[in-house]
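Novice: What follows is the file model25.cif, containing mmCIF, N, CA, C and O atoms:
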```cif
data_start
loop_
_atom_site.group_PDB
_atom_site.id
_atom_site.type_symbol
_atom_site.label_atom_id
_atom_site.label_comp_id
_atom_site.auth_asym_id
_atom_site.auth_seq_id
_atom_site.Cartn_x
_atom_site.Cartn_y
_atom_site.Cartn_z
ATOM 1 N N THR A 1 36.827 146.528 112.658
ATOM 2 C CA THR A 1 37.337 145.303 112.049
ATOM 3 C C THR A 1 36.507 144.947 110.829
ATOM 4 O O THR A 1 35.403 145.433 110.649
ATOM 5 N N LYS A 2 37.030 144.045 110.047
ATOM 6 C CA LYS A 2 36.352 143.616 108.823
ATOM 7 C C LYS A 2 35.516 142.373 109.098
ATOM 8 O O LYS A 2 35.786 141.625 110.038
ATOM 9 N N PRO A 3 34.515 142.127 108.274
ATOM 10 C CA PRO A 3 33.718 140.908 108.445
ATOM 11 C C PRO A 3 34.584 139.651 108.319
ATOM 12 O O PRO A 3 35.620 139.665 107.646
ATOM 13 N N THR A 4 34.163 138.570 108.945
ATOM 14 C CA THR A 4 34.890 137.304 108.894
ATOM 15 C C THR A 4 35.106 136.875 107.449
ATOM 16 O O THR A 4 34.209 136.945 106.629
ATOM 17 N N GLY A 5 36.333 136.430 107.179
ATOM 18 C CA GLY A 5 36.659 135.952 105.848
ATOM 19 C C GLY A 5 37.129 137.028 104.892
ATOM 20 O O GLY A 5 37.504 136.730 103.764
ATOM 21 N N GLU A 6 37.109 138.278 105.313
ATOM 22 C CA GLU A 6 37.556 139.367 104.451
ATOM 23 C C GLU A 6 38.809 139.999 105.039
ATOM 24 O O GLU A 6 38.983 140.064 106.240
ATOM 25 N N GLY A 7 39.679 140.472 104.168
ATOM 26 C CA GLY A 7 40.894 141.131 104.631
ATOM 27 C C GLY A 7 42.021 140.143 104.855
ATOM 28 O O GLY A 7 41.883 138.939 104.655
ATOM 29 N N THR A 8 43.144 140.678 105.274
ATOM 30 C CA THR A 8 44.343 139.859 105.488
ATOM 31 C C THR A 8 44.898 140.050 106.890
ATOM 32 O O THR A 8 46.096 139.961 107.109
ATOM 33 N N GLY A 9 44.034 140.318 107.854
ATOM 34 C CA GLY A 9 44.485 140.535 109.227
ATOM 35 C C GLY A 9 45.048 139.274 109.854
ATOM 36 O O GLY A 9 44.917 138.168 109.330
ATOM 37 N N LEU A 10 45.687 139.442 111.003
ATOM 38 C CA LEU A 10 46.285 138.319 111.709
ATOM 39 C C LEU A 10 45.284 137.567 112.580
ATOM 40 O O LEU A 10 45.609 136.523 113.114
ATOM 41 N N GLY A 11 44.085 138.114 112.742
ATOM 42 C CA GLY A 11 43.093 137.445 113.581
ATOM 43 C C GLY A 11 43.442 137.510 115.052
ATOM 44 O O GLY A 11 43.108 136.608 115.824
ATOM 45 N N LEU A 12 44.116 138.578 115.477
ATOM 46 C CA LEU A 12 44.566 138.651 116.866
ATOM 47 C C LEU A 12 43.422 138.777 117.857
ATOM 48 O O LEU A 12 43.527 138.286 118.974
ATOM 49 N N SER A 13 42.344 139.412 117.454
ATOM 50 C CA SER A 13 41.201 139.534 118.356
ATOM 51 C C SER A 13 40.620 138.158 118.683
ATOM 52 O O SER A 13 40.367 137.834 119.844
ATOM 53 N N LEU A 14 40.447 137.342 117.666
ATOM 54 C CA LEU A 14 39.931 135.987 117.867
ATOM 55 C C LEU A 14 40.935 135.149 118.647
ATOM 56 O O LEU A 14 40.561 134.410 119.563
ATOM 57 N N SER A 15 42.206 135.273 118.306
ATOM 58 C CA SER A 15 43.246 134.530 119.017
ATOM 59 C C SER A 15 43.259 134.897 120.493
ATOM 60 O O SER A 15 43.371 134.027 121.359
ATOM 61 N N TYR A 16 43.146 136.196 120.777
ATOM 62 C CA TYR A 16 43.121 136.672 122.155
ATOM 63 C C TYR A 16 41.955 136.040 122.925
ATOM 64 O O TYR A 16 42.135 135.520 124.024
ATOM 65 N N ASP A 17 40.777 136.062 122.330
ATOM 66 C CA ASP A 17 39.606 135.484 122.999
ATOM 67 C C ASP A 17 39.811 134.008 123.311
ATOM 68 O O ASP A 17 39.484 133.542 124.403
ATOM 69 N N ILE A 18 40.361 133.266 122.363
ATOM 70 C CA ILE A 18 40.558 131.824 122.562
ATOM 71 C C ILE A 18 41.610 131.562 123.641
ATOM 72 O O ILE A 18 41.396 130.766 124.560
ATOM 73 N N ILE A 19 42.748 132.245 123.548
ATOM 74 C CA ILE A 19 43.864 131.987 124.470
ATOM 75 C C ILE A 19 43.576 132.511 125.864
ATOM 76 O O ILE A 19 43.741 131.787 126.857
ATOM 77 N N ILE A 20 43.122 133.772 125.966
ATOM 78 C CA ILE A 20 42.944 134.407 127.273
ATOM 79 C C ILE A 20 41.630 133.996 127.930
ATOM 80 O O ILE A 20 41.612 133.518 129.063
ATOM 81 N N LYS A 21 40.548 134.194 127.216
ATOM 82 C CA LYS A 21 39.233 133.943 127.806
ATOM 83 C C LYS A 21 38.868 132.460 127.818
ATOM 84 O O LYS A 21 38.288 131.972 128.771
ATOM 85 N N GLY A 22 39.220 131.747 126.758
ATOM 86 C CA GLY A 22 38.835 130.344 126.657
ATOM 87 C C GLY A 22 39.724 129.397 127.438
ATOM 88 O O GLY A 22 39.264 128.382 127.945
ATOM 89 N N HIS A 23 41.030 129.713 127.529
ATOM 90 C CA HIS A 23 41.969 128.782 128.147
ATOM 91 C C HIS A 23 42.734 129.373 129.324
ATOM 92 O O HIS A 23 43.622 128.709 129.876
ATOM 93 N N ASN A 24 42.416 130.598 129.723
ATOM 94 C CA ASN A 24 43.118 131.269 130.833
ATOM 95 C C ASN A 24 44.631 131.306 130.621
ATOM 96 O O ASN A 24 45.406 131.185 131.566
ATOM 97 N N GLY A 25 45.047 131.463 129.378
ATOM 98 C CA GLY A 25 46.463 131.527 129.058
ATOM 99 C C GLY A 25 46.945 132.961 128.940
ATOM 100 O O GLY A 25 46.246 133.896 129.318
ATOM 101 N N THR A 26 48.156 133.101 128.413
ATOM 102 C CA THR A 26 48.722 134.418 128.182
ATOM 103 C C THR A 26 49.200 134.516 126.739
ATOM 104 O O THR A 26 49.591 133.536 126.130
ATOM 105 N N LEU A 27 49.158 135.723 126.217
ATOM 106 C CA LEU A 27 49.632 136.016 124.865
ATOM 107 C C LEU A 27 50.545 137.226 124.955
ATOM 108 O O LEU A 27 50.119 138.306 125.343
ATOM 109 N N GLN A 28 51.824 137.034 124.651
ATOM 110 C CA GLN A 28 52.806 138.109 124.711
ATOM 111 C C GLN A 28 53.467 138.216 123.340
ATOM 112 O O GLN A 28 53.397 137.304 122.533
ATOM 113 N N LEU A 29 54.123 139.338 123.109
ATOM 114 C CA LEU A 29 54.889 139.443 121.882
ATOM 115 C C LEU A 29 56.149 140.235 122.134
ATOM 116 O O LEU A 29 56.215 141.072 123.024
ATOM 117 N N GLU A 30 57.162 139.898 121.367
ATOM 118 C CA GLU A 30 58.432 140.611 121.416
ATOM 119 C C GLU A 30 58.748 141.048 119.998
ATOM 120 O O GLU A 30 58.769 140.231 119.078
ATOM 121 N N THR A 31 58.979 142.346 119.817
ATOM 122 C CA THR A 31 59.248 142.894 118.499
ATOM 123 C C THR A 31 60.657 143.452 118.446
ATOM 124 O O THR A 31 61.085 144.163 119.358
ATOM 125 N N LYS A 32 61.375 143.107 117.382
ATOM 126 C CA LYS A 32 62.685 143.675 117.121
ATOM 127 C C LYS A 32 62.595 144.396 115.784
ATOM 128 O O LYS A 32 62.356 143.761 114.750
ATOM 129 N N GLU A 33 62.753 145.700 115.839
ATOM 130 C CA GLU A 33 62.602 146.522 114.644
ATOM 131 C C GLU A 33 63.528 146.033 113.531
ATOM 132 O O GLU A 33 64.713 145.796 113.741
ATOM 133 N N GLY A 34 62.955 145.853 112.364
ATOM 134 C CA GLY A 34 63.715 145.405 111.214
ATOM 135 C C GLY A 34 63.951 143.913 111.155
ATOM 136 O O GLY A 34 64.506 143.406 110.185
ATOM 137 N N GLU A 35 63.541 143.172 112.197
ATOM 138 C CA GLU A 35 63.755 141.722 112.245
ATOM 139 C C GLU A 35 62.443 140.949 112.242
ATOM 140 O O GLU A 35 62.314 139.944 111.572
ATOM 141 N N GLY A 36 61.473 141.383 113.040
ATOM 142 C CA GLY A 36 60.205 140.674 113.092
ATOM 143 C C GLY A 36 59.617 140.664 114.491
ATOM 144 O O GLY A 36 60.122 141.314 115.405
ATOM 145 N N THR A 37 58.559 139.891 114.627
ATOM 146 C CA THR A 37 57.840 139.793 115.896
ATOM 147 C C THR A 37 57.670 138.329 116.277
ATOM 148 O O THR A 37 57.337 137.497 115.442
ATOM 149 N N GLU A 38 57.896 138.033 117.538
ATOM 150 C CA GLU A 38 57.722 136.689 118.068
ATOM 151 C C GLU A 38 56.499 136.691 118.994
ATOM 152 O O GLU A 38 56.416 137.505 119.910
ATOM 153 N N PHE A 39 55.562 135.788 118.741
ATOM 154 C CA PHE A 39 54.379 135.654 119.581
ATOM 155 C C PHE A 39 54.627 134.514 120.562
ATOM 156 O O PHE A 39 55.018 133.420 120.173
ATOM 157 N N ILE A 40 54.371 134.785 121.837
ATOM 158 C CA ILE A 40 54.592 133.795 122.893
ATOM 159 C C ILE A 40 53.249 133.461 123.508
ATOM 160 O O ILE A 40 52.587 134.321 124.104
ATOM 161 N N ILE A 41 52.825 132.220 123.362
ATOM 162 C CA ILE A 41 51.531 131.749 123.874
ATOM 163 C C ILE A 41 51.795 130.742 124.969
ATOM 164 O O ILE A 41 52.519 129.758 124.758
ATOM 165 N N GLU A 42 51.217 130.974 126.136
ATOM 166 C CA GLU A 42 51.354 130.026 127.256
ATOM 167 C C GLU A 42 49.958 129.612 127.705
ATOM 168 O O GLU A 42 49.104 130.456 127.955
ATOM 169 N N LEU A 43 49.761 128.306 127.790
ATOM 170 C CA LEU A 43 48.495 127.745 128.247
ATOM 171 C C LEU A 43 48.743 126.966 129.536
ATOM 172 O O LEU A 43 49.768 126.273 129.658
ATOM 173 N N PRO A 44 47.823 127.057 130.486
ATOM 174 C CA PRO A 44 48.013 126.320 131.747
ATOM 175 C C PRO A 44 47.953 124.814 131.501
ATOM 176 O O PRO A 44 47.297 124.337 130.579
ATOM 177 N N GLY A 45 48.701 124.093 132.323
ATOM 178 C CA GLY A 45 48.792 122.633 132.180
ATOM 179 C C GLY A 45 47.691 121.937 132.782
ATOM 180 O O GLY A 45 46.687 121.663 132.918
#
```
The structure given in the file should be rewritten as structure tokens.
Specialist:
Amino acid sequence: TKPTGEGTGLGLSLSYDIIIKGHNGTLQLETKEGEGTEFIIELPG
């Protein structure tokens, strides 16, 4: 990975840590070729 603040990545590694490890949530994605990707984030209530 690149140092913080460099590049144009989506930051998925950081997002994963916050959602999964920090909040015990889930992170899923659904991809449709030629249309795009939908990210589904669920956090416990």
Novice: Name all residues at most 6 Å from segment 13-23 of chain A (count all atoms listed in the file; drop same-chain ones fewer than 4 positions away) and give them as a list of chain:residue names.
Specialist: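 My reading of the contact set: A:Glu42, A:Leu43, A:Pro44.
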Novice: If you run DSSP on the backbone, which residues of chain A are alpha helix (DSSP H), as a PyMOL selection string?
Specialist: chain A and resi 12-16
Novice: Generate a file of the selected residues that holds N, CA, C and O atoms, formatted as a PDB file, in the frame of the given file.
Specialist:
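Result saved to selection34.pdb:
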```pdb
ATOM      1  N   LEU A  12      44.116 138.578 115.477  1.00  0.00           N
ATOM      2  CA  LEU A  12      44.566 138.651 116.866  1.00  0.00           C
ATOM      3  C   LEU A  12      43.422 138.777 117.857  1.00  0.00           C
ATOM      4  O   LEU A  12      43.527 138.286 118.974  1.00  0.00           O
ATOM      5  N   SER A  13      42.344 139.412 117.454  1.00  0.00           N
ATOM      6  CA  SER A  13      41.201 139.534 118.356  1.00  0.00           C
ATOM      7  C   SER A  13      40.620 138.158 118.683  1.00  0.00           C
ATOM      8  O   SER A  13      40.367 137.834 119.844  1.00  0.00           O
ATOM      9  N   LEU A  14      40.447 137.342 117.666  1.00  0.00           N
ATOM     10  CA  LEU A  14      39.931 135.987 117.867  1.00  0.00           C
ATOM     11  C   LEU A  14      40.935 135.149 118.647  1.00  0.00           C
ATOM     12  O   LEU A  14      40.561 134.410 119.563  1.00  0.00           O
ATOM     13  N   SER A  15      42.206 135.273 118.306  1.00  0.00           N
ATOM     14  CA  SER A  15      43.246 134.530 119.017  1.00  0.00           C
ATOM     15  C   SER A  15      43.259 134.897 120.493  1.00  0.00           C
ATOM     16  O   SER A  15      43.371 134.027 121.359  1.00  0.00           O
ATOM     17  N   TYR A  16      43.146 136.196 120.777  1.00  0.00           N
ATOM     18  CA  TYR A  16      43.121 136.672 122.155  1.00  0.00           C
ATOM     19  C   TYR A  16      41.955 136.040 122.925  1.00  0.00           C
ATOM     20  O   TYR A  16      42.135 135.520 124.024  1.00  0.00           O
TER      21      TYR A  16
END
```
Novice: Could you work out how far atom CA of Ile40 of chain A lies from atom CA of Thr26 of chain A, giving the answer in Å with one decimal?
Specialist: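 Calculated distance between atom CA of Thr26 of chain A and atom CA of Ile40 of chain A is 7.9 Å.
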Novice: Taking (54.4, 141.8, 126.1) in the file's coordinates, which residues come within 12 Å, counting only C-alpha atoms, written as a PDB file with N, CA, C and O atoms, in the frame of the given file?
Specialist:
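Full text of point15.pdb as output:
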```
ATOM      1  N   THR A  26      48.156 133.101 128.413  1.00  0.00           N
ATOM      2  CA  THR A  26      48.722 134.418 128.182  1.00  0.00           C
ATOM      3  C   THR A  26      49.200 134.516 126.739  1.00  0.00           C
ATOM      4  O   THR A  26      49.591 133.536 126.130  1.00  0.00           O
ATOM      5  N   LEU A  27      49.158 135.723 126.217  1.00  0.00           N
ATOM      6  CA  LEU A  27      49.632 136.016 124.865  1.00  0.00           C
ATOM      7  C   LEU A  27      50.545 137.226 124.955  1.00  0.00           C
ATOM      8  O   LEU A  27      50.119 138.306 125.343  1.00  0.00           O
ATOM      9  N   GLN A  28      51.824 137.034 124.651  1.00  0.00           N
ATOM     10  CA  GLN A  28      52.806 138.109 124.711  1.00  0.00           C
ATOM     11  C   GLN A  28      53.467 138.216 123.340  1.00  0.00           C
ATOM     12  O   GLN A  28      53.397 137.304 122.533  1.00  0.00           O
ATOM     13  N   LEU A  29      54.123 139.338 123.109  1.00  0.00           N
ATOM     14  CA  LEU A  29      54.889 139.443 121.882  1.00  0.00           C
ATOM     15  C   LEU A  29      56.149 140.235 122.134  1.00  0.00           C
ATOM     16  O   LEU A  29      56.215 141.072 123.024  1.00  0.00           O
ATOM     17  N   GLU A  30      57.162 139.898 121.367  1.00  0.00           N
ATOM     18  CA  GLU A  30      58.432 140.611 121.416  1.00  0.00           C
ATOM     19  C   GLU A  30      58.748 141.048 119.998  1.00  0.00           C
ATOM     20  O   GLU A  30      58.769 140.231 119.078  1.00  0.00           O
ATOM     21  N   THR A  31      58.979 142.346 119.817  1.00  0.00           N
ATOM     22  CA  THR A  31      59.248 142.894 118.499  1.00  0.00           C
ATOM     23  C   THR A  31      60.657 143.452 118.446  1.00  0.00           C
ATOM     24  O   THR A  31      61.085 144.163 119.358  1.00  0.00           O
ATOM     25  N   THR A  37      58.559 139.891 114.627  1.00  0.00           N
ATOM     26  CA  THR A  37      57.840 139.793 115.896  1.00  0.00           C
ATOM     27  C   THR A  37      57.670 138.329 116.277  1.00  0.00           C
ATOM     28  O   THR A  37      57.337 137.497 115.442  1.00  0.00           O
ATOM     29  N   GLU A  38      57.896 138.033 117.538  1.00  0.00           N
ATOM     30  CA  GLU A  38      57.722 136.689 118.068  1.00  0.00           C
ATOM     31  C   GLU A  38      56.499 136.691 118.994  1.00  0.00           C
ATOM     32  O   GLU A  38      56.416 137.505 119.910  1.00  0.00           O
ATOM     33  N   PHE A  39      55.562 135.788 118.741  1.00  0.00           N
ATOM     34  CA  PHE A  39      54.379 135.654 119.581  1.00  0.00           C
ATOM     35  C   PHE A  39      54.627 134.514 120.562  1.00  0.00           C
ATOM     36  O   PHE A  39      55.018 133.420 120.173  1.00  0.00           O
ATOM     37  N   ILE A  40      54.371 134.785 121.837  1.00  0.00           N
ATOM     38  CA  ILE A  40      54.592 133.795 122.893  1.00  0.00           C
ATOM     39  C   ILE A  40      53.249 133.461 123.508  1.00  0.00           C
ATOM     40  O   ILE A  40      52.587 134.321 124.104  1.00  0.00           O
ATOM     41  N   ILE A  41      52.825 132.220 123.362  1.00  0.00           N
ATOM     42  CA  ILE A  41      51.531 131.749 123.874  1.00  0.00           C
ATOM     43  C   ILE A  41      51.795 130.742 124.969  1.00  0.00           C
ATOM     44  O   ILE A  41      52.519 129.758 124.758  1.00  0.00           O
TER      45      ILE A  41
END
```
